Amino acid sequence: AMLDPDSGLSLTIARIVQRLKGSSLHSQLERQARVSLHKPEIKLESLKEDIKDFLKTSGWEKKLQNAVYSELNVFPAPCHPAAPPEHMKEPLAYMRKAQGSWEKRILRSLNSMCTELSIPLAQKRPVSEQKELLSKWNEMGTDEPDLSLFRPVYAPKDFLEVLMNLRNPNYENGEQPSFRNHLGLIQVPLKVKDIPELKEDFSELGLNIGQLGIDDSAQVPPEFFENEHVRVGQKVLAEQDSAAAQQYVRQGCPTALRADLWALILNISNQPEDILYYEQLKSNVIQHDLLVDSLIFKDVKLTASNDDYYFVFEDYLYQVLLCFSRDTSVLEHFAYSSATPPKSYIRGKLGMEEYAVFYPPNVNYNSFILSVAPLCFLYHEPSKLYQIFREMYVRFFFRLHSISSHPSGIVSLCLLFETLLQTHLPQLFYHLREIGAQPLRISFKWMVRAFSGYLATDQLLLLWDRILGYNSLEILAVLAAAVFAFRAVNLMEVTSLAAAE
Amino acid sequence: MAGKVKWVTDIEKSVLINNFEKRGWIQVAENEDWNFYWMSVQTIRNVFSVETGYRLSDDQIVNHFPNHYELTRKDLMVKNIKRYRKELEKEGSPLAEKDENGKYIYLDFVPVTFMLPADYNLFVEEFRKNPSSTWIMKPCGKAQGKGIFLINKLSQIKKWSRDSKTSSFVSQSSKEAYVISLYINNPLLIGGKKFDLRLYVLVSTYRPLRCYMYKLGFCRFCTVKYTPSTSELDNMFVHLTNVAIQKHGDDYNHIHGGKWTVSNLRLYLESTRGKEVTNKLFDEIHWIIVQSLKAVAPVMNNDKHCFECYGYDIIIDDKLKPWLIEVKLHKIPEETSFSFHRIKLSRFQCIFETVSFVPQVSGLRKMLESKIGHVMTKLACAFVSYLFGVSICLWLSVLSFRSSASIQLDFRGSLNVSSAIRYCISSWKIGTGSMERNIKLKF
């Protein structure tokens with residue numbers, strides 16, 4: 001925090017250079033530069049400048065810009081050089097502690113399930129089983145394994161209980177609960193934005209600015225907004241500019257352009273090496289059987305298979321999630337996540353690092369599944385679908401499952417929601433609290449799933465447009481509060497939690 | 001004329017009765033004075049039969065055309081479409097234009113079909129051109145997927161050979177007749193699964209053609225992954241999307257019933273294929289519906305007391321070309337899944353609202369005739385029914401605000417009132433509310 005801007009900038013630059021150095025983009029740029037030597041316009045005297053110009057005109061500079069922009073979006077600003085690595089994960093000690101004990105609890109639950117069912121956490125598959133799985137890869141949905149003994153590791157309300165019990169040991173609030181302090185479930189003093197700040201941050205959502213989903217409906221002549229907006233979108237795609245795309249989607253994406261725009265913002269290009277990586281993950285799945293696979297199966301069967309919109313994509317969900325749980329590149333995001341992956345060892349190889357299997361950060365797939373499913377409406381090619389999901393996860397969704405003080409973390413979102421409601425709809429808030437229907441108990445499951453499963457797909461995609469556009473999950477809390485405001489009149493009349501739901 | 005509409009039905013289904021009651025209509029018996037009769041197919045035959053039939057008065061409407069089977073029987077539908085195409089070709093219409101392979105450019109929307117046993121030899125000729133193709137056999141008189149099977153060898157249909165000496169099958173009665181169509185073995189797959197489209201179309205009159213399409217059509221998915229492999233030709237769970245068949249499969253789900261709304265399909269196609277091709281697909285689907293209705297219009301008994309609701313079954317292939325498989329009589333389905341129950345209710349709601357204006361018109365006509373004479377009345381009625389047709393459309397689009405169901409009027413007729421109506425719609429997009437108020441006052 002006590003870092004002067006210059007050294008902060010150079011640290012950032014150094015880190016980005018470090019990360020991009022080994023990447024495929026780097027080798028491609030080198031190759032392009034070498035190829036350009038054959039071109040007549042490249043002269044030996046002005047070699048450096050000419051190559052730079054060439055890279056600019058051929059669009060490679062843009063690709064580099066997009067990669068840098070992506071890095072800036074994902075990784076937080078570097079801390080003070082003296083700060084330990086835990087600080088980048090989570091600066092507040094009590095949060096780290098809470099996350100640690102939550103993780104221990106999950107792992108204990110997993111282990112006890114293993115012992116009960118005498119199934120190892122991970123084991124190598126016999127060859128015959130491998131062959132069978134390979135042949136069934138595209139239709140795992142027709143499998144009906146006996147999953148009755150598997151239970152979800154935790155439910156959203158368990159997680160909410162943990163969040164409710166978070167306390168900052170340095171903060172003494174001896175006052176009696178009254179209207180001058182916070183009456184909600186979350187009792188930690190994190191800073192959240194108020195309406196004026198939100199208005200400024202989300203300025204593109206103002207009433208005088210056109211939005212897709214509202215201003216493109218059948219009653220509005222398309223000349224007012226829609227045509228121009230689509231035209232700008234096509235231009236942004238033609239320019240292949242990540243930063244411009246991110247700005248553009250704040251007003252919503254046209255359905256036909258959304259898949260490409262999201263890929264541009266997330267900097268996903270589906271290169272041959274990406275496809276190869278996906279195939280490698282697939283072979284990992286074939287070769288090793290993990291306990292979590294059964295949990296994935298069970299959760300998909302419970303959630304997506306019964307969903308009006310997503311049941312069609314059941315098979316894709318298995319493929320993506322099984323691969324995801326074996327993807328070690330996901331481990332990178334733990335550098336800035338408050339969570340730490342639980343580690344397990346292949347049966348019989350305890351302690352040997354090369355046989356370590358990192359567990360996916362969140363073994364309650366309930367929320368995962370529904371964050372993959374909407375993407376199936378946009379991408380039907382498995383490796384691209386996979387990459388988009390992975391990127392969405394390591395940028396945004398992981399924050400919904402771990403305890404941290406980050407403004408987009410679930411704790412802050414809950415607090416933001418409650419604060420907005422208490423400040424602007426105090427009567428409603430008080431009424432609901434009185435009848436034992438704390439608003440957060442209702443809206444928690446919406447936010448923790450980023451509203452997937454609670455909104456029609458076209459509406460959900462418009463919401464996720466804004467998550468990408470603003471690079472933040474705060475919009476979820478704002479939407480949750482807005483839903484309560486919208487239904488305020490009806491809610492004032494209910495007398496129980498069940499009725500409120 | 002301010003009296004309530006009196007209704008009768010011989011089909012005891014709650015979805016019908018709930019809708020009648022919601023509108024405050026009064027239930028009466030068949031022998032009483034009724035305005036609206038929702039009748040079964042058997043009853044319509046009686047009403048219009050030469051011996052036992054009776055005249056319908058001006059303020060009575062029924063929900064079937066007497067010879068609906070021209071469209072709803074598989075063999076007659078194909079016959080009518082083939083005849084329609086030949087007629088257009090004979091009069092040199094540009095609609096009947098063919099490409100260099102002899103295929104119709106605009107009217108090739110039904111898979112190659114033959115009647116068996118009548119066209120057996122023609123079929124064999126066609127089969128031999130592509131011996132590796134698969135064909136689907138469907139009995140003419142049955143529904144819900146009964147009796148359908150796939151073949152890829154001539155030996156499998158020896159029974160229908162006309163001059164077969166081994167055939168004990170000499171009866172030419174229409175019950176045993178089959179149609180055989182080229183099987184579309186490259187359907188568009190979503191999530192690896194085959195699906196078809198079911199769209200509902202209401203026809204209030206055939207000449208001039210006035211039809212409405214219900215916005216909430218749906219896609220029916222097979223529960224099992226699609227494979228064109230010949231080993232699975234007998235597995236009806238792979239190939240037939242009829243809910244009556246699928247619901248007996250292991251994986252059938254009663255919550256969503258294996259169905260998607262058409263708006264989901266649109267969202268998926270626009271997102272993965274782009275807006276232009278999606279719009280083109282839906283335009284082509286509307287075109288198919290209109291052309292098929294035009295094809296049977298000349299042979300339909302266009303009784304003014306009749307309207308009818310059809311279920312169109314359409315399959316989309318992987319080149320995004322829609323194919324008309326069948327037109328079904330709208331029957332009240334047995335099973336339903338929770339989400340689709342609501343859609344069904346609103347569908348009937350829309351049907352009633354569309355047609356309920358009709359009795360009120362005829363009362364006004366009588367009054368006008370007595371005041372301004374026959375010819376003037378005719379002119380006024382023509383003008384008013386033009387406006388009236390338009391207002392229905394507008395009013396229905398207002399409906400879409402209030403309920404989630406709506407009817408969309410969209411078809412590409414090259415002549416007649418239909419295109420005029422469409423033109424009016426597009427220029428009268430705003431201000432529909434006041435239009436509705438004005439018409440209501442007049443009537």
# chains A, B, ... in the order shown; residues from 1 in each chain; ligands from 1
>>> closest_atom_pairs(of="chain B", to="chain A", cutoff="6 Å", atoms="only C-alpha atoms", output="Markdown table")
| residue | atom | partner | partner_atom | distance |
| --- | --- | --- | --- | --- |
| B:Gly191 | CA | A:Phe313 | CA | 4.9 |
| B:His256 | CA | A:Asp308 | CA | 5.3 |
| B:Tyr268 | CA | A:Phe377 | CA | 5.1 |
| B:Glu270 | CA | A:Ala256 | CA | 5.0 |
| B:Ser271 | CA | A:Ala256 | CA | 4.7 |
| B:Thr272 | CA | A:Leu378 | CA | 5.6 |
| B:Gly274 | CA | A:Ala256 | CA | 4.6 |
| B:Lys275 | CA | A:Ala256 | CA | 5.5 |
>>> residues_around(residues="A:Lys89", least_positions_apart="2", cutoff="12 Å", atoms="only C-alpha atoms", output="number ranges by chain")
A: 75-79, 83-87, 91-93, 95-96, 99, 332-340, 399, 402-406
>>> residues_around(residues="A:Ser412", least_positions_apart="4", cutoff="8 Å", atoms="only C-alpha atoms", output="ChimeraX atom specification")
/A:190-192,405-408,416
>>> write_last_selection(atoms="N, CA, C and O atoms", output="mmCIF file, in the first residue's frame")
data_model
loop_
_atom_site.group_PDB
_atom_site.id
_atom_site.type_symbol
_atom_site.label_atom_id
_atom_site.label_comp_id
_atom_site.auth_asym_id
_atom_site.auth_seq_id
_atom_site.Cartn_x
_atom_site.Cartn_y
_atom_site.Cartn_z
ATOM 1 N N LEU A 190 -16.585 -4.603 6.161
ATOM 2 C CA LEU A 190 -15.900 -4.397 4.890
ATOM 3 C C LEU A 190 -16.462 -3.165 4.223
ATOM 4 O O LEU A 190 -17.624 -2.822 4.419
ATOM 5 N N LYS A 191 -15.632 -2.571 3.379
ATOM 6 C CA LYS A 191 -16.121 -1.388 2.689
ATOM 7 C C LYS A 191 -16.883 -1.801 1.445
ATOM 8 O O LYS A 191 -16.391 -2.552 0.622
ATOM 9 N N VAL A 192 -18.103 -1.312 1.350
ATOM 10 C CA VAL A 192 -18.864 -1.576 0.127
ATOM 11 C C VAL A 192 -19.323 -0.243 -0.444
ATOM 12 O O VAL A 192 -19.405 0.753 0.271
ATOM 13 N N SER A 405 -11.920 -10.808 1.307
ATOM 14 C CA SER A 405 -12.380 -9.434 1.471
ATOM 15 C C SER A 405 -12.456 -8.695 0.147
ATOM 16 O O SER A 405 -12.721 -7.512 0.102
ATOM 17 N N HIS A 406 -12.233 -9.393 -0.933
ATOM 18 C CA HIS A 406 -12.247 -8.771 -2.249
ATOM 19 C C HIS A 406 -13.627 -8.182 -2.544
ATOM 20 O O HIS A 406 -14.633 -8.788 -2.188
ATOM 21 N N PRO A 407 -13.690 -7.002 -3.192
ATOM 22 C CA PRO A 407 -14.994 -6.383 -3.451
ATOM 23 C C PRO A 407 -15.945 -7.260 -4.272
ATOM 24 O O PRO A 407 -17.155 -7.099 -4.203
ATOM 25 N N SER A 408 -15.383 -8.196 -5.066
ATOM 26 C CA SER A 408 -16.267 -9.100 -5.808
ATOM 27 C C SER A 408 -16.463 -10.429 -5.110
ATOM 28 O O SER A 408 -17.118 -11.309 -5.635
ATOM 29 N N LEU A 416 -22.937 -5.852 0.469
ATOM 30 C CA LEU A 416 -23.431 -4.806 -0.423
ATOM 31 C C LEU A 416 -24.940 -4.917 -0.589
ATOM 32 O O LEU A 416 -25.676 -3.931 -0.506
#
>>> select_by_dssp(residues="stretch 300-489 of chain A", states="strand (DSSP E)", output="list in words")
Lys343, Ser344, Tyr345, Ala356, Val357 and Phe358 of chain A
>>> write_last_selection(atoms="all heavy atoms", output="PDB file, in the first residue's frame")
ATOM      1  N   LYS A 343      -4.912 -31.237  -1.399  1.00  0.00           N
ATOM      2  CA  LYS A 343      -4.074 -32.124  -2.185  1.00  0.00           C
ATOM      3  C   LYS A 343      -4.377 -33.546  -1.805  1.00  0.00           C
ATOM      4  O   LYS A 343      -4.671 -33.849  -0.653  1.00  0.00           O
ATOM      5  CB  LYS A 343      -2.603 -31.805  -1.883  1.00  0.00           C
ATOM      6  CG  LYS A 343      -1.694 -32.034  -3.063  1.00  0.00           C
ATOM      7  CD  LYS A 343      -0.331 -31.394  -3.003  1.00  0.00           C
ATOM      8  CE  LYS A 343       0.344 -31.273  -1.687  1.00  0.00           C
ATOM      9  NZ  LYS A 343       1.750 -30.821  -1.876  1.00  0.00           N
ATOM     10  N   SER A 344      -4.318 -34.399  -2.811  1.00  0.00           N
ATOM     11  CA  SER A 344      -4.498 -35.808  -2.485  1.00  0.00           C
ATOM     12  C   SER A 344      -3.483 -36.585  -3.286  1.00  0.00           C
ATOM     13  O   SER A 344      -2.913 -36.080  -4.250  1.00  0.00           O
ATOM     14  CB  SER A 344      -5.916 -36.240  -2.847  1.00  0.00           C
ATOM     15  OG  SER A 344      -6.021 -37.627  -2.844  1.00  0.00           O
ATOM     16  N   TYR A 345      -3.258 -37.837  -2.897  1.00  0.00           N
ATOM     17  CA  TYR A 345      -2.285 -38.634  -3.614  1.00  0.00           C
ATOM     18  C   TYR A 345      -2.952 -39.856  -4.208  1.00  0.00           C
ATOM     19  O   TYR A 345      -3.845 -40.443  -3.609  1.00  0.00           O
ATOM     20  CB  TYR A 345      -1.142 -39.050  -2.682  1.00  0.00           C
ATOM     21  CG  TYR A 345      -0.375 -37.858  -2.181  1.00  0.00           C
ATOM     22  CD1 TYR A 345      -0.732 -37.216  -0.998  1.00  0.00           C
ATOM     23  CD2 TYR A 345       0.686 -37.327  -2.930  1.00  0.00           C
ATOM     24  CE1 TYR A 345      -0.043 -36.099  -0.569  1.00  0.00           C
ATOM     25  CE2 TYR A 345       1.366 -36.215  -2.492  1.00  0.00           C
ATOM     26  CZ  TYR A 345       0.996 -35.608  -1.315  1.00  0.00           C
ATOM     27  OH  TYR A 345       1.667 -34.490  -0.882  1.00  0.00           O
ATOM     28  N   ALA A 356       0.710 -36.471  -6.943  1.00  0.00           N
ATOM     29  CA  ALA A 356      -0.259 -35.651  -6.218  1.00  0.00           C
ATOM     30  C   ALA A 356      -1.354 -35.185  -7.163  1.00  0.00           C
ATOM     31  O   ALA A 356      -1.103 -34.848  -8.310  1.00  0.00           O
ATOM     32  CB  ALA A 356       0.450 -34.431  -5.616  1.00  0.00           C
ATOM     33  N   VAL A 357      -2.534 -35.203  -6.651  1.00  0.00           N
ATOM     34  CA  VAL A 357      -3.679 -34.705  -7.420  1.00  0.00           C
ATOM     35  C   VAL A 357      -4.274 -33.551  -6.648  1.00  0.00           C
ATOM     36  O   VAL A 357      -4.640 -33.695  -5.492  1.00  0.00           O
ATOM     37  CB  VAL A 357      -4.752 -35.807  -7.580  1.00  0.00           C
ATOM     38  CG1 VAL A 357      -5.969 -35.239  -8.287  1.00  0.00           C
ATOM     39  CG2 VAL A 357      -4.192 -36.973  -8.363  1.00  0.00           C
ATOM     40  N   PHE A 358      -4.346 -32.407  -7.323  1.00  0.00           N
ATOM     41  CA  PHE A 358      -4.944 -31.266  -6.640  1.00  0.00           C
ATOM     42  C   PHE A 358      -6.441 -31.284  -6.827  1.00  0.00           C
ATOM     43  O   PHE A 358      -6.934 -31.484  -7.924  1.00  0.00           O
ATOM     44  CB  PHE A 358      -4.372 -29.958  -7.179  1.00  0.00           C
ATOM     45  CG  PHE A 358      -3.011 -29.678  -6.642  1.00  0.00           C
ATOM     46  CD1 PHE A 358      -1.890 -30.107  -7.305  1.00  0.00           C
ATOM     47  CD2 PHE A 358      -2.860 -29.011  -5.432  1.00  0.00           C
ATOM     48  CE1 PHE A 358      -0.632 -29.869  -6.790  1.00  0.00           C
ATOM     49  CE2 PHE A 358      -1.596 -28.770  -4.918  1.00  0.00           C
ATOM     50  CZ  PHE A 358      -0.477 -29.195  -5.595  1.00  0.00           C
TER      51      PHE A 358
END
>>> select_by_dssp(residues="stretch 62-106 of chain A", states="alpha helix (DSSP H)", output="MDAnalysis selection string")
chainID A and resid 62:74 85:89 93:106
>>> residues_around(residues="A:Phe324", least_positions_apart="2", cutoff="8 Å", atoms="only C-alpha atoms", output="PyMOL selection string")
chain A and resi 281+320-322+326-327+360+386+390
>>> write_last_selection(atoms="all heavy atoms", output="PDB file, in the first residue's frame")
ATOM      1  N   LEU A 281      -6.340 -33.329 -21.284  1.00  0.00           N
ATOM      2  CA  LEU A 281      -7.187 -33.414 -20.093  1.00  0.00           C
ATOM      3  C   LEU A 281      -8.164 -34.568 -20.231  1.00  0.00           C
ATOM      4  O   LEU A 281      -8.420 -35.313 -19.280  1.00  0.00           O
ATOM      5  CB  LEU A 281      -7.963 -32.109 -19.908  1.00  0.00           C
ATOM      6  CG  LEU A 281      -7.162 -30.915 -19.435  1.00  0.00           C
ATOM      7  CD1 LEU A 281      -8.049 -29.683 -19.412  1.00  0.00           C
ATOM      8  CD2 LEU A 281      -6.583 -31.163 -18.063  1.00  0.00           C
ATOM      9  N   VAL A 320     -16.985 -31.116 -19.695  1.00  0.00           N
ATOM     10  CA  VAL A 320     -16.272 -29.919 -19.225  1.00  0.00           C
ATOM     11  C   VAL A 320     -15.856 -30.062 -17.771  1.00  0.00           C
ATOM     12  O   VAL A 320     -14.713 -29.767 -17.398  1.00  0.00           O
ATOM     13  CB  VAL A 320     -17.166 -28.671 -19.407  1.00  0.00           C
ATOM     14  CG1 VAL A 320     -16.610 -27.495 -18.647  1.00  0.00           C
ATOM     15  CG2 VAL A 320     -17.300 -28.336 -20.871  1.00  0.00           C
ATOM     16  N   LEU A 321     -16.761 -30.546 -16.920  1.00  0.00           N
ATOM     17  CA  LEU A 321     -16.456 -30.586 -15.495  1.00  0.00           C
ATOM     18  C   LEU A 321     -15.429 -31.656 -15.147  1.00  0.00           C
ATOM     19  O   LEU A 321     -14.577 -31.450 -14.293  1.00  0.00           O
ATOM     20  CB  LEU A 321     -17.745 -30.798 -14.696  1.00  0.00           C
ATOM     21  CG  LEU A 321     -18.666 -29.578 -14.763  1.00  0.00           C
ATOM     22  CD1 LEU A 321     -20.033 -29.902 -14.198  1.00  0.00           C
ATOM     23  CD2 LEU A 321     -18.066 -28.406 -14.036  1.00  0.00           C
ATOM     24  N   LEU A 322     -15.510 -32.798 -15.815  1.00  0.00           N
ATOM     25  CA  LEU A 322     -14.523 -33.831 -15.528  1.00  0.00           C
ATOM     26  C   LEU A 322     -13.129 -33.352 -15.918  1.00  0.00           C
ATOM     27  O   LEU A 322     -12.163 -33.594 -15.205  1.00  0.00           O
ATOM     28  CB  LEU A 322     -14.873 -35.120 -16.281  1.00  0.00           C
ATOM     29  CG  LEU A 322     -16.109 -35.868 -15.776  1.00  0.00           C
ATOM     30  CD1 LEU A 322     -16.384 -37.080 -16.638  1.00  0.00           C
ATOM     31  CD2 LEU A 322     -15.922 -36.303 -14.332  1.00  0.00           C
ATOM     32  N   ARG A 326      -9.309 -31.901 -13.435  1.00  0.00           N
ATOM     33  CA  ARG A 326      -7.948 -32.402 -13.597  1.00  0.00           C
ATOM     34  C   ARG A 326      -7.007 -31.357 -14.170  1.00  0.00           C
ATOM     35  O   ARG A 326      -5.867 -31.645 -14.474  1.00  0.00           O
ATOM     36  CB  ARG A 326      -7.946 -33.626 -14.521  1.00  0.00           C
ATOM     37  CG  ARG A 326      -8.549 -34.829 -13.862  1.00  0.00           C
ATOM     38  CD  ARG A 326      -9.213 -35.698 -14.895  1.00  0.00           C
ATOM     39  NE  ARG A 326      -9.700 -36.936 -14.335  1.00  0.00           N
ATOM     40  CZ  ARG A 326     -10.873 -37.102 -13.753  1.00  0.00           C
ATOM     41  NH1 ARG A 326     -11.678 -36.072 -13.620  1.00  0.00           N
ATOM     42  NH2 ARG A 326     -11.251 -38.278 -13.297  1.00  0.00           N
ATOM     43  N   ASP A 327      -7.489 -30.139 -14.309  1.00  0.00           N
ATOM     44  CA  ASP A 327      -6.704 -29.134 -15.013  1.00  0.00           C
ATOM     45  C   ASP A 327      -5.766 -28.412 -14.057  1.00  0.00           C
ATOM     46  O   ASP A 327      -6.184 -27.594 -13.247  1.00  0.00           O
ATOM     47  CB  ASP A 327      -7.645 -28.139 -15.695  1.00  0.00           C
ATOM     48  CG  ASP A 327      -6.921 -27.240 -16.667  1.00  0.00           C
ATOM     49  OD1 ASP A 327      -5.663 -27.187 -16.638  1.00  0.00           O
ATOM     50  OD2 ASP A 327      -7.600 -26.587 -17.469  1.00  0.00           O
ATOM     51  N   PRO A 360     -10.081 -29.865  -7.117  1.00  0.00           N
ATOM     52  CA  PRO A 360     -10.688 -28.626  -7.584  1.00  0.00           C
ATOM     53  C   PRO A 360     -11.105 -27.799  -6.390  1.00  0.00           C
ATOM     54  O   PRO A 360     -11.485 -28.337  -5.364  1.00  0.00           O
ATOM     55  CB  PRO A 360     -11.883 -29.086  -8.397  1.00  0.00           C
ATOM     56  CG  PRO A 360     -12.109 -30.487  -8.010  1.00  0.00           C
ATOM     57  CD  PRO A 360     -10.822 -31.039  -7.536  1.00  0.00           C
ATOM     58  N   TYR A 386     -14.804 -25.303 -23.116  1.00  0.00           N
ATOM     59  CA  TYR A 386     -14.003 -25.556 -21.928  1.00  0.00           C
ATOM     60  C   TYR A 386     -13.161 -24.350 -21.554  1.00  0.00           C
ATOM     61  O   TYR A 386     -13.114 -23.917 -20.398  1.00  0.00           O
ATOM     62  CB  TYR A 386     -13.107 -26.778 -22.132  1.00  0.00           C
ATOM     63  CG  TYR A 386     -12.252 -27.029 -20.938  1.00  0.00           C
ATOM     64  CD1 TYR A 386     -12.805 -27.593 -19.799  1.00  0.00           C
ATOM     65  CD2 TYR A 386     -10.924 -26.637 -20.901  1.00  0.00           C
ATOM     66  CE1 TYR A 386     -12.054 -27.763 -18.664  1.00  0.00           C
ATOM     67  CE2 TYR A 386     -10.161 -26.810 -19.766  1.00  0.00           C
ATOM     68  CZ  TYR A 386     -10.729 -27.376 -18.652  1.00  0.00           C
ATOM     69  OH  TYR A 386      -9.999 -27.532 -17.521  1.00  0.00           O
ATOM     70  N   ARG A 390     -13.315 -22.108 -18.193  1.00  0.00           N
ATOM     71  CA  ARG A 390     -12.172 -22.040 -17.283  1.00  0.00           C
ATOM     72  C   ARG A 390     -11.785 -20.593 -17.011  1.00  0.00           C
ATOM     73  O   ARG A 390     -11.523 -20.197 -15.879  1.00  0.00           O
ATOM     74  CB  ARG A 390     -10.994 -22.808 -17.874  1.00  0.00           C
ATOM     75  CG  ARG A 390      -9.780 -22.805 -16.962  1.00  0.00           C
ATOM     76  CD  ARG A 390      -8.628 -23.545 -17.551  1.00  0.00           C
ATOM     77  NE  ARG A 390      -8.226 -23.006 -18.830  1.00  0.00           N
ATOM     78  CZ  ARG A 390      -7.293 -23.557 -19.588  1.00  0.00           C
ATOM     79  NH1 ARG A 390      -6.689 -24.661 -19.177  1.00  0.00           N
ATOM     80  NH2 ARG A 390      -6.968 -23.026 -20.743  1.00  0.00           N
TER      81      ARG A 390
END
>>> residues_around(residues="B:Glu126", least_positions_apart="5", cutoff="12 Å", atoms="only C-alpha atoms", output="VMD selection string")
chain B and resid 112 to 114 119 to 121 131 to 135 154 180 to 182
>>> residues_around(residues="B:Ser57", least_positions_apart="3", cutoff="12 Å", atoms="only C-alpha atoms", output="VMD selection string")
chain B and resid 33 to 36 54 60 to 62 303 to 306 359 362 to 363
>>> closest_residue(among="A:Glu239, A:Glu226, A:Asp465, A:Asp274", to="A:Ser58", atoms="only C-alpha atoms")
A:Glu239
